[in-house]
Amino acid sequence: MIFAILLMFEATFSQRMMIVGLDTTNYPIINAKFFVFDNKGNIINNFNKSDLKIFENGQLIDKVDVYCPPQTPPIPISAVLTADISGSMAGERIRFFKEGIIHFINNLPLGMSEAAISSFDDFNYLNQDFTTNKSKLLNAVNSLNSKAGTDYNAALIKPYYGALQISKQAKNDKVIILLTDGKSNTETLVDSIIEEANLQNCKVFSIVSAIKCPESLKIIANNTGALWFEDINTEDEAKAVYNAILMISQKIEPCEVEWKADHCNSNLVMIEFNLESLKLKSKKTYHPPKNKIPNIEIKPEIIKFTNGKIAVSEQQFITLKAINSDFEIKYIELSNSNFDINPKSISLKSGESKQLIVSYTPKDSSTAFCKVNLINDVCDKSFSMSASFTNYKIPKKYIKLIAPNGNEVFIAGTKTEILYEGIDADSPVDIDYSIDNGFSWINIATNVSGLKYEWIVPPTPSNICLARVSAGAIDTAIDLEMVMIPKGKFVMGNTGNYIGYPEEKPVHSVEISSDFLMSKYEITQKIYKTIMGINPSNFKGDSLPVEMISWEDAIEFCNKLSDYFNFEKCYLIEVDPKSQNKSISCNWTANGFRLPTEAEWEYAAKANTNSDYYNGDLLESDCTPLDSNLNLIAWYCGNAKSNTANVGLKQANSFGLFDMSGNVWEWCWDYFGIYSTDFTIDPTGPINGTSRVLKGGSWVSNPYFCRPSLRYSFPEGRSNSFGIRVVRKGN
């Protein structure tokens with residue numbers, strides 16, 4: 001009877017196929033798991049197995065094996081549903097989340113199973129402890145209201161009401177379902193969460209609306225025997241997801257299908273499942289594991305001739321290595337007769353390397369390119385060579401685009417490779433795309449090299465898209481404005497009207513004994529990329545602050561920035577040869593760039609004021625209503641539009657510094673430690689510790705986090721709200 005009750009779902013969603021797992025471990029053999037639900041939510045597994053067709057990138061797979069296990073009675077579970085109630089959840093979205101939770105509760109066989117409801121923003125809340133009483137659970141769901149930020153640690157592990165704290169009291173098999181529509185504004189303690197979940201034998205599922213599932217939640221789900229779901233934006237989709245989680249949690253097994261993929265494809269694969277008899281379709285994507293794809297590795301990767309003399313042959317050696325397969329290269333085809341390769345046919349065992357001679361004989365002084373095709377019995381392989389005279393300038397032109405080359409369909413948020421040719425591999429290019437057949441263009445990336453670029457597809461629906469690649473030049477000029485901060489004394493800690501936190505006390509007097517220079521703005525992505533050669537930021541834009549940088553990234557940036565301006569580096573980085581642990585020390589007398597100490601940062605931010613902010617006290621503690629003081633000086637959760645903003649758009653403090661509150665948290669030198677009452681001169685923090693100090697708040701922070709006295713401590717990790725500002729000696 002219990003089993004019959006389980007399958008009596010509300011008749012409120014349409015018939016659907018739900019893919020709940022995709023395994024590429026044995027690639028090119030792919031295994032997928034799926035449920036088929038009727039319009040009452042009952043499992044269908046008596047369909048004709050030969051009706052299931054699978055397409056990879058539009059190509060029908062010849063042979064698929066389908067198996068559906070017999071249905072088994074469900075086991076009792078203890079489910080904790082923890083809901084994101086951040087500011088972005090206001091209105092229709094929180095209603096959508098509530099409907100999904102209610103659907104789960106209505107279909108959970110209460111009596112044999114139990115459930116609890118919790119919620120989280122920057123903190124966590126218990127809305128209803130474990131119960132089998134449906135009315136109590138539904139009342140708890142209906143009481144959910146949006147509040148502040150998003151912290152996955154609060155959702156899962158922090159006292160007192162993280163889901164893994166609540167699940168300790170569970171009676172049955174433990175299941176956590178985390179519901180969110182945004183990324184955590186703190187670094188998620190993934191290892192600690194997985195350790196605690198596995199200690200409890202608890203599965204941690206994630207359902208993510210509106211965005212792609214954050215990597216941290218994927219890792220947690222994968223390592224606790226659970227699943228994650230992303231871009232869930234309709235009630236129909238949500239209910240199917242909840243049904244699938246309910247089935248898996250109760251150990252009711254899905255159907256399985258297995259097939260052999262195209263062994264040579266290294267790009268994103270779009271799979272379409274088509275169950276013809278029930279007129280059901282479902283799509284999913286995967287990236288083939290690169291360590292299992294047959295390939296011919298070419299070294300060096302960039303083959304370029306630069307010292308040409310007309311009619312005189314120039315030679316180089318290249319090495320071909322067979323990866324993951326034996327290769328029989330029957331012939332080497334060249335597109336330009338001025339280039340040559342010998343020998344033109346070779347055999348390679350898997351892992352074997354062989355050298356070839358490549359040559360170029362110029363007929364004139366123009367730049368030349370050659371595409372090389374290695375005709376073989378396993379996978380297509382090609383590469384490019386180029387030649388130029390040193391006094392020849394490459395004109396601005398459009399390069400040949402290899403992929404995408406038409407008729408592809410991409411899912412927003414997935415990754416794909418843009419491939420091009422017709423230019424030196426080390427020459428910079430700009431990449432643009434159009435959603436209106438070339439009438440207007442949107443930049444994807446600038447100063448890219450290597451003849452390929454990994455692109456995250458944006459949410460811009462269109463069936464008349466184009467892409468182009470054009471040669472450009474790298475702009476290495478850095479406009480790093482520094483502001484002189486005069487020496488002086490100040491009171492460090494919470495001196496404002498807001499009550500603050502214990503870590504901000506006791507207040508104590510500090511002297512900054514020397515003038516110092518501080519960057520006027522948070523370090524921008526343009527500056528960071530010019531110095532480091534990469535832009536790790538989640539939100540892209542030259543004038544946006546760089547983010548997704550760790551404390552060690554910031555240290556390395558400071559040293560390289562010092563090198564760029566020919567200053568003495570401040571940081572000595574030593575690596576233990578046995579443990580590979582890093583030891584970083586600071587030469588405080590060096591004239592190069594470094595991170596501010598916590599005292600320097602707070603002194604510069606307060607700018608001779610003692611209020612909550614440098615323009616007045618805190619007026620509102622939540623994202624809404626708008627804090628009229630903070631709105632003038634900062635981008636925070638009340639006015640930021642789900643991302644960072646260009647630096648320097650708000651009011652500066654009296655020292656001339658912008659964005660000292662909000663936009664991105666800024667790393668300081670100091671380990672986090674407890675304040676003392678002692679008067680100190682130029683303090684540099686504790687000599688050791690487990691986490692570093694961040695100051696200033698960010699685009700996702702509540703107002704009280706944006707006060708200069710607020711202290712945030714984190715291990716040396718990365719976040720899309722962690723950035724950097726630099727200082728150096730004033731003389």
# chains A, B, ... in the order shown; residues from 1 in each chain; ligands from 1
>>> residues_around(residues="range 618-628 of chain A", least_positions_apart="4", cutoff="12 Å", atoms="only C-alpha atoms", output="CSV table (one decimal) with all heavy atoms, in the first residue's frame")
chain,number,residue,atom,x,y,z
A,86,SER,N,17.5,35.0,-0.3
A,86,SER,CA,18.2,36.2,-0.6
A,86,SER,C,17.3,37.3,-1.3
A,86,SER,O,16.2,36.9,-1.7
A,86,SER,CB,19.4,35.9,-1.5
A,86,SER,OG,19.0,35.4,-2.7
A,87,GLY,N,17.8,38.5,-1.4
A,87,GLY,CA,17.0,39.6,-2.0
A,87,GLY,C,16.5,39.3,-3.4
A,87,GLY,O,15.4,39.7,-3.8
A,88,SER,N,17.3,38.5,-4.2
A,88,SER,CA,16.9,38.2,-5.6
A,88,SER,C,15.7,37.2,-5.6
A,88,SER,O,15.1,37.0,-6.7
A,88,SER,CB,18.0,37.5,-6.3
A,88,SER,OG,18.4,36.3,-5.7
A,90,ALA,N,12.8,37.7,-4.2
A,90,ALA,CA,11.6,38.4,-4.0
A,90,ALA,C,10.6,38.2,-5.1
A,90,ALA,O,11.0,38.0,-6.3
A,90,ALA,CB,11.8,39.9,-3.8
A,121,ASP,N,20.1,33.1,4.1
A,121,ASP,CA,20.6,34.2,3.3
A,121,ASP,C,22.1,34.3,3.7
A,121,ASP,O,22.9,33.4,3.4
A,121,ASP,CB,19.8,35.5,3.5
A,121,ASP,CG,19.5,35.8,5.0
A,121,ASP,OD1,20.3,35.4,5.9
A,121,ASP,OD2,18.4,36.4,5.2
A,122,ASP,N,22.5,35.4,4.4
A,122,ASP,CA,23.8,35.4,5.0
A,122,ASP,C,23.9,34.6,6.4
A,122,ASP,O,24.9,34.4,6.9
A,122,ASP,CB,24.3,36.9,5.3
A,122,ASP,CG,24.6,37.6,4.0
A,122,ASP,OD1,25.2,37.0,3.1
A,122,ASP,OD2,24.2,38.8,3.9
A,146,SER,N,11.8,36.7,1.3
A,146,SER,CA,13.2,37.1,0.9
A,146,SER,C,13.8,38.1,1.8
A,146,SER,O,13.1,39.0,2.3
A,146,SER,CB,13.2,37.6,-0.5
A,146,SER,OG,12.4,38.7,-0.7
A,147,LYS,N,15.1,38.0,2.0
A,147,LYS,CA,15.8,38.9,3.0
A,147,LYS,C,17.1,39.5,2.4
A,147,LYS,O,17.1,40.5,1.7
A,147,LYS,CB,16.1,38.2,4.3
A,147,LYS,CG,14.8,37.8,5.1
A,147,LYS,CD,15.2,37.3,6.5
A,147,LYS,CE,13.9,36.9,7.3
A,147,LYS,NZ,14.2,36.4,8.6
A,148,ALA,N,18.2,38.8,2.6
A,148,ALA,CA,19.5,39.4,2.3
A,148,ALA,C,20.3,38.6,1.3
A,148,ALA,O,19.8,38.3,0.2
A,148,ALA,CB,20.3,39.6,3.6
A,149,GLY,N,21.6,38.3,1.6
A,149,GLY,CA,22.5,37.7,0.6
A,149,GLY,C,22.4,36.2,0.5
A,149,GLY,O,21.4,35.6,0.9
A,495,THR,N,33.5,52.5,15.4
A,495,THR,CA,33.3,53.8,16.0
A,495,THR,C,32.0,54.4,15.6
A,495,THR,O,31.7,55.5,15.9
A,495,THR,CB,34.5,54.7,15.6
A,495,THR,OG1,34.6,54.8,14.2
A,495,THR,CG2,35.8,54.2,16.2
A,496,GLY,N,31.2,53.7,14.8
A,496,GLY,CA,30.0,54.3,14.2
A,496,GLY,C,28.8,54.0,15.1
A,496,GLY,O,28.9,53.5,16.3
A,497,ASN,N,27.6,54.3,14.6
A,497,ASN,CA,26.4,54.2,15.3
A,497,ASN,C,25.9,52.7,15.4
A,497,ASN,O,25.2,52.3,16.3
A,497,ASN,CB,25.3,55.1,14.7
A,497,ASN,CG,24.0,55.1,15.4
A,497,ASN,OD1,24.0,55.4,16.6
A,497,ASN,ND2,22.9,54.9,14.8
A,498,TYR,N,26.2,51.9,14.3
A,498,TYR,CA,25.7,50.5,14.3
A,498,TYR,C,26.4,49.7,15.4
A,498,TYR,O,27.6,49.9,15.6
A,498,TYR,CB,26.0,50.0,12.9
A,498,TYR,CG,25.4,48.6,12.7
A,498,TYR,CD1,24.0,48.4,12.5
A,498,TYR,CD2,26.2,47.5,12.6
A,498,TYR,CE1,23.5,47.1,12.3
A,498,TYR,CE2,25.7,46.2,12.4
A,498,TYR,CZ,24.3,46.0,12.3
A,498,TYR,OH,23.8,44.8,12.1
A,499,ILE,N,25.7,48.8,16.0
A,499,ILE,CA,26.2,48.0,17.1
A,499,ILE,C,27.4,47.2,16.7
A,499,ILE,O,28.3,47.0,17.5
A,499,ILE,CB,25.1,47.1,17.7
A,499,ILE,CG1,25.6,46.5,19.0
A,499,ILE,CG2,24.7,46.0,16.7
A,499,ILE,CD1,24.5,45.7,19.8
A,500,GLY,N,27.5,46.7,15.5
A,500,GLY,CA,28.7,46.0,15.0
A,500,GLY,C,28.8,44.6,15.5
A,500,GLY,O,27.8,44.0,16.1
A,611,SER,N,32.1,57.8,11.7
A,611,SER,CA,30.8,57.3,11.5
A,611,SER,C,30.8,55.9,10.9
A,611,SER,O,31.9,55.4,10.6
A,611,SER,CB,30.0,58.3,10.6
A,611,SER,OG,30.8,58.6,9.5
A,612,ASP,N,29.7,55.3,10.7
A,612,ASP,CA,29.7,54.0,10.1
A,612,ASP,C,30.3,54.0,8.7
A,612,ASP,O,31.1,53.1,8.3
A,612,ASP,CB,28.2,53.5,9.9
A,612,ASP,CG,27.6,53.1,11.3
A,612,ASP,OD1,28.3,52.6,12.1
A,612,ASP,OD2,26.4,53.3,11.5
A,613,TYR,N,30.0,55.0,7.9
A,613,TYR,CA,30.7,55.2,6.6
A,613,TYR,C,31.4,56.5,6.6
A,613,TYR,O,31.1,57.3,7.5
A,613,TYR,CB,29.6,55.2,5.4
A,613,TYR,CG,28.6,54.1,5.5
A,613,TYR,CD1,27.2,54.4,5.5
A,613,TYR,CD2,29.0,52.7,5.5
A,613,TYR,CE1,26.3,53.4,5.5
A,613,TYR,CE2,28.0,51.7,5.5
A,613,TYR,CZ,26.7,52.0,5.6
A,613,TYR,OH,25.8,51.0,5.6
A,614,TYR,N,32.1,56.8,5.6
A,614,TYR,CA,32.8,58.1,5.6
A,614,TYR,C,31.9,59.2,5.2
A,614,TYR,O,32.3,60.4,5.3
A,614,TYR,CB,34.1,58.0,4.7
A,614,TYR,CG,33.8,57.7,3.2
A,614,TYR,CD1,33.3,58.5,2.3
A,614,TYR,CD2,34.3,56.4,2.7
A,614,TYR,CE1,33.1,58.2,1.0
A,614,TYR,CE2,34.1,56.0,1.4
A,614,TYR,CZ,33.5,56.9,0.5
A,614,TYR,OH,33.4,56.6,-0.8
A,632,LEU,N,25.2,56.6,-2.1
A,632,LEU,CA,26.0,57.6,-2.7
A,632,LEU,C,27.4,57.2,-2.9
A,632,LEU,O,28.1,57.7,-3.7
A,632,LEU,CB,26.0,58.9,-1.8
A,632,LEU,CG,24.6,59.6,-1.7
A,632,LEU,CD1,24.8,60.7,-0.7
A,632,LEU,CD2,24.2,60.1,-3.0
A,633,ILE,N,27.9,56.2,-2.1
A,633,ILE,CA,29.3,55.9,-2.1
A,633,ILE,C,29.6,54.4,-2.5
A,633,ILE,O,30.8,54.1,-2.7
A,633,ILE,CB,30.0,56.1,-0.7
A,633,ILE,CG1,29.4,55.2,0.3
A,633,ILE,CG2,29.8,57.6,-0.3
A,633,ILE,CD1,30.1,55.2,1.7
A,634,ALA,N,28.6,53.6,-2.6
A,634,ALA,CA,28.9,52.1,-2.8
A,634,ALA,C,27.9,51.4,-3.7
A,634,ALA,O,26.8,51.8,-3.8
A,634,ALA,CB,28.9,51.5,-1.4
A,635,TRP,N,28.4,50.3,-4.3
A,635,TRP,CA,27.6,49.4,-5.0
A,635,TRP,C,27.4,48.2,-4.0
A,635,TRP,O,28.4,47.5,-3.7
A,635,TRP,CB,28.2,48.9,-6.3
A,635,TRP,CG,28.4,50.0,-7.3
A,635,TRP,CD1,29.5,50.6,-7.6
A,635,TRP,CD2,27.3,50.6,-8.1
A,635,TRP,NE1,29.3,51.6,-8.6
A,635,TRP,CE2,27.9,51.6,-8.9
A,635,TRP,CE3,25.9,50.4,-8.2
A,635,TRP,CZ2,27.2,52.4,-9.7
A,635,TRP,CZ3,25.2,51.2,-9.0
A,635,TRP,CH2,25.8,52.2,-9.8
A,636,TYR,N,26.2,47.9,-3.6
A,636,TYR,CA,25.9,46.9,-2.6
A,636,TYR,C,24.6,46.2,-3.0
A,636,TYR,O,24.1,46.5,-4.1
A,636,TYR,CB,25.9,47.5,-1.2
A,636,TYR,CG,24.6,48.3,-0.8
A,636,TYR,CD1,23.7,47.8,0.1
A,636,TYR,CD2,24.4,49.5,-1.4
A,636,TYR,CE1,22.5,48.5,0.4
A,636,TYR,CE2,23.2,50.2,-1.1
A,636,TYR,CZ,22.3,49.7,-0.2
A,636,TYR,OH,21.2,50.4,0.1
A,637,CYS,N,24.1,45.3,-2.1
A,637,CYS,CA,22.9,44.5,-2.6
A,637,CYS,C,21.7,45.4,-2.8
A,637,CYS,O,20.8,44.9,-3.5
A,637,CYS,CB,22.6,43.5,-1.5
A,637,CYS,SG,22.0,44.1,0.1
A,638,GLY,N,21.7,46.6,-2.3
A,638,GLY,CA,20.5,47.4,-2.5
A,638,GLY,C,20.4,48.1,-3.9
A,638,GLY,O,19.4,48.5,-4.3
A,639,ASN,N,21.6,48.3,-4.5
A,639,ASN,CA,21.6,49.0,-5.8
A,639,ASN,C,22.4,48.3,-6.9
A,639,ASN,O,22.3,48.7,-8.1
A,639,ASN,CB,22.1,50.5,-5.6
A,639,ASN,CG,23.5,50.5,-5.1
A,639,ASN,OD1,24.2,49.5,-5.0
A,639,ASN,ND2,24.0,51.7,-4.7
A,640,ALA,N,23.2,47.3,-6.6
A,640,ALA,CA,23.9,46.6,-7.6
A,640,ALA,C,23.0,45.7,-8.4
A,640,ALA,O,22.0,45.1,-7.8
A,640,ALA,CB,25.1,45.7,-7.0
A,641,LYS,N,23.2,45.5,-9.7
A,641,LYS,CA,22.3,44.7,-10.5
A,641,LYS,C,22.9,43.3,-10.7
A,641,LYS,O,23.2,43.0,-11.8
A,641,LYS,CB,22.0,45.5,-11.8
A,641,LYS,CG,21.3,46.8,-11.6
A,641,LYS,CD,21.1,47.5,-12.9
A,641,LYS,CE,20.4,48.8,-12.7
A,641,LYS,NZ,20.1,49.6,-14.0
A,699,TRP,N,29.3,43.9,-3.9
A,699,TRP,CA,28.1,44.1,-4.6
A,699,TRP,C,26.9,43.3,-4.1
A,699,TRP,O,25.8,43.6,-4.3
A,699,TRP,CB,28.3,43.8,-6.1
A,699,TRP,CG,28.7,42.4,-6.4
A,699,TRP,CD1,30.0,41.9,-6.3
A,699,TRP,CD2,27.9,41.3,-6.7
A,699,TRP,NE1,30.0,40.6,-6.6
A,699,TRP,CE2,28.8,40.2,-6.9
A,699,TRP,CE3,26.6,41.1,-7.0
A,699,TRP,CZ2,28.3,38.9,-7.3
A,699,TRP,CZ3,26.1,39.9,-7.3
A,699,TRP,CH2,27.0,38.8,-7.5
A,700,VAL,N,27.2,42.2,-3.3
A,700,VAL,CA,26.1,41.3,-2.8
A,700,VAL,C,25.9,41.6,-1.3
A,700,VAL,O,25.1,40.9,-0.7
A,700,VAL,CB,26.4,39.8,-3.0
A,700,VAL,CG1,26.3,39.5,-4.5
A,700,VAL,CG2,27.8,39.4,-2.5
A,701,SER,N,26.7,42.5,-0.7
A,701,SER,CA,26.7,42.6,0.7
A,701,SER,C,25.5,43.5,1.3
A,701,SER,O,25.1,44.4,0.6
A,701,SER,CB,28.0,43.2,1.2
A,701,SER,OG,29.1,42.4,0.9
A,702,ASN,N,25.1,43.2,2.5
A,702,ASN,CA,24.2,44.0,3.2
A,702,ASN,C,24.9,45.3,3.6
A,702,ASN,O,26.2,45.3,3.7
A,702,ASN,CB,23.6,43.3,4.4
A,702,ASN,CG,22.5,42.4,4.0
A,702,ASN,OD1,22.7,41.5,3.2
A,702,ASN,ND2,21.3,42.5,4.6
A,703,PRO,N,24.2,46.4,4.0
A,703,PRO,CA,24.9,47.6,4.4
A,703,PRO,C,25.8,47.4,5.5
A,703,PRO,O,26.9,48.0,5.5
A,703,PRO,CB,23.7,48.5,4.8
A,703,PRO,CG,22.6,48.0,3.9
A,703,PRO,CD,22.7,46.6,3.8
A,704,TYR,N,25.5,46.6,6.5
A,704,TYR,CA,26.4,46.5,7.7
A,704,TYR,C,27.7,45.9,7.3
A,704,TYR,O,28.7,46.1,8.0
A,704,TYR,CB,25.7,45.8,8.9
A,704,TYR,CG,25.0,44.5,8.5
A,704,TYR,CD1,25.7,43.3,8.4
A,704,TYR,CD2,23.6,44.6,8.4
A,704,TYR,CE1,25.0,42.2,8.1
A,704,TYR,CE2,22.9,43.4,8.1
A,704,TYR,CZ,23.6,42.2,7.9
A,704,TYR,OH,22.9,41.1,7.7
A,705,PHE,N,27.8,45.1,6.3
A,705,PHE,CA,29.1,44.5,5.8
A,705,PHE,C,29.9,45.6,5.1
A,705,PHE,O,31.1,45.3,4.9
A,705,PHE,CB,28.8,43.3,4.9
A,705,PHE,CG,28.4,42.1,5.6
A,705,PHE,CD1,27.2,41.6,5.5
A,705,PHE,CD2,29.4,41.4,6.4
A,705,PHE,CE1,26.8,40.4,6.2
A,705,PHE,CE2,29.1,40.2,7.0
A,705,PHE,CZ,27.8,39.7,7.0
A,706,CYS,N,29.4,46.7,4.7
A,706,CYS,CA,30.1,47.7,3.9
A,706,CYS,C,30.8,48.8,4.8
A,706,CYS,O,31.3,49.7,4.3
A,706,CYS,CB,29.2,48.4,2.9
A,706,CYS,SG,28.5,47.2,1.7
A,707,ARG,N,30.6,48.6,6.1
A,707,ARG,CA,31.3,49.6,7.0
A,707,ARG,C,32.8,49.3,7.1
A,707,ARG,O,33.2,48.2,7.1
A,707,ARG,CB,30.7,49.4,8.4
A,707,ARG,CG,29.2,49.8,8.5
A,707,ARG,CD,28.6,49.4,9.9
A,707,ARG,NE,28.7,48.0,10.2
A,707,ARG,CZ,29.5,47.4,11.1
A,707,ARG,NH1,30.2,48.2,11.9
A,707,ARG,NH2,29.5,46.1,11.3
A,708,PRO,N,33.6,50.4,7.0
A,708,PRO,CA,35.1,50.2,7.0
A,708,PRO,C,35.6,49.4,8.2
A,708,PRO,O,36.6,48.7,8.1
A,708,PRO,CB,35.6,51.6,7.0
A,708,PRO,CG,34.6,52.4,6.4
A,708,PRO,CD,33.3,51.8,6.8
>>> residues_around(residues="range 587-597 of chain A", least_positions_apart="4", cutoff="8 Å", atoms="only C-alpha atoms", output="PyMOL selection string")
chain A and resi 554-555+558-559+561-562+567-572+601+667-670+683-685+724-729
>>> residues_around(residues="Phe47 in chain A", least_positions_apart="2", cutoff="9 Å", atoms="only C-alpha atoms", output="PyMOL selection string")
chain A and resi 44-45+49-52+275+277-278
>>> closest_residue(among="A:Glu574, A:His508, A:Asn107, A:Phe205", to="Lys218 in chain A", atoms="only C-alpha atoms")
A:Phe205
>>> closest_atom_pairs(of="range 63-83 of chain A", to="range 231-251 of chain A", cutoff="8 Å", atoms="only C-alpha atoms", output="Markdown table")
| residue | atom | partner | partner_atom | distance |
| --- | --- | --- | --- | --- |
| A:Pro74 | CA | A:Gln250 | CA | 4.8 |
| A:Ile75 | CA | A:Gln250 | CA | 4.9 |
| A:Pro76 | CA | A:Gln250 | CA | 6.6 |
| A:Ile77 | CA | A:Gln250 | CA | 6.6 |
>>> closest_residue(among="A:Ser470, A:Ser676, A:Thr306, A:Ser427", to="Met492 in chain A", atoms="only C-alpha atoms")
A:Ser676
>>> closest_residue(among="A:Lys695, A:Thr644, A:Gly616, A:Ile549", to="Phe722 in chain A", atoms="only C-alpha atoms")
A:Ile549
>>> residues_around(residues="Glu481 in chain A", least_positions_apart="3", cutoff="8 Å", atoms="only C-alpha atoms", output="MDAnalysis selection string")
chainID A and resid 519:521
>>> closest_residue(among="A:Gly182, A:Glu187, A:Asn172, A:Thr416", to="Cys202 in chain A", atoms="only C-alpha atoms")
A:Asn172
>>> residues_around(residues="range 717-720 of chain A", least_positions_apart="3", cutoff="9 Å", atoms="only C-alpha atoms", output="PDB file with C-alpha atoms, in the first residue's frame")
ATOM      1  CA  LYS A 183      25.982  32.224  -6.313  1.00  0.00           C
ATOM      2  CA  SER A 184      27.311  32.293  -2.784  1.00  0.00           C
ATOM      3  CA  ASN A 185      28.919  35.574  -1.781  1.00  0.00           C
ATOM      4  CA  THR A 186      31.478  33.656   0.280  1.00  0.00           C
ATOM      5  CA  GLU A 187      33.868  30.858  -0.561  1.00  0.00           C
ATOM      6  CA  SER A 537      36.842  37.486 -13.392  1.00  0.00           C
ATOM      7  CA  ASN A 538      33.302  36.159 -13.467  1.00  0.00           C
ATOM      8  CA  PHE A 539      31.895  39.505 -14.658  1.00  0.00           C
ATOM      9  CA  VAL A 546      39.053  42.210 -11.111  1.00  0.00           C
ATOM     10  CA  GLU A 547      37.575  39.421  -8.960  1.00  0.00           C
ATOM     11  CA  MET A 548      37.910  35.659  -8.521  1.00  0.00           C
ATOM     12  CA  ILE A 549      41.436  36.215  -7.179  1.00  0.00           C
ATOM     13  CA  SER A 550      42.843  34.589  -4.068  1.00  0.00           C
ATOM     14  CA  TRP A 551      45.162  36.198  -1.531  1.00  0.00           C
ATOM     15  CA  GLU A 552      48.131  34.435  -3.153  1.00  0.00           C
ATOM     16  CA  ASN A 643      27.094  42.079 -10.622  1.00  0.00           C
ATOM     17  CA  THR A 644      30.010  44.435 -10.047  1.00  0.00           C
ATOM     18  CA  VAL A 664      34.329  43.974  -4.245  1.00  0.00           C
ATOM     19  CA  PHE A 714      38.550  33.885   4.890  1.00  0.00           C
ATOM     20  CA  GLY A 723      39.216  41.916  -5.398  1.00  0.00           C
TER      21      GLY A 723
END
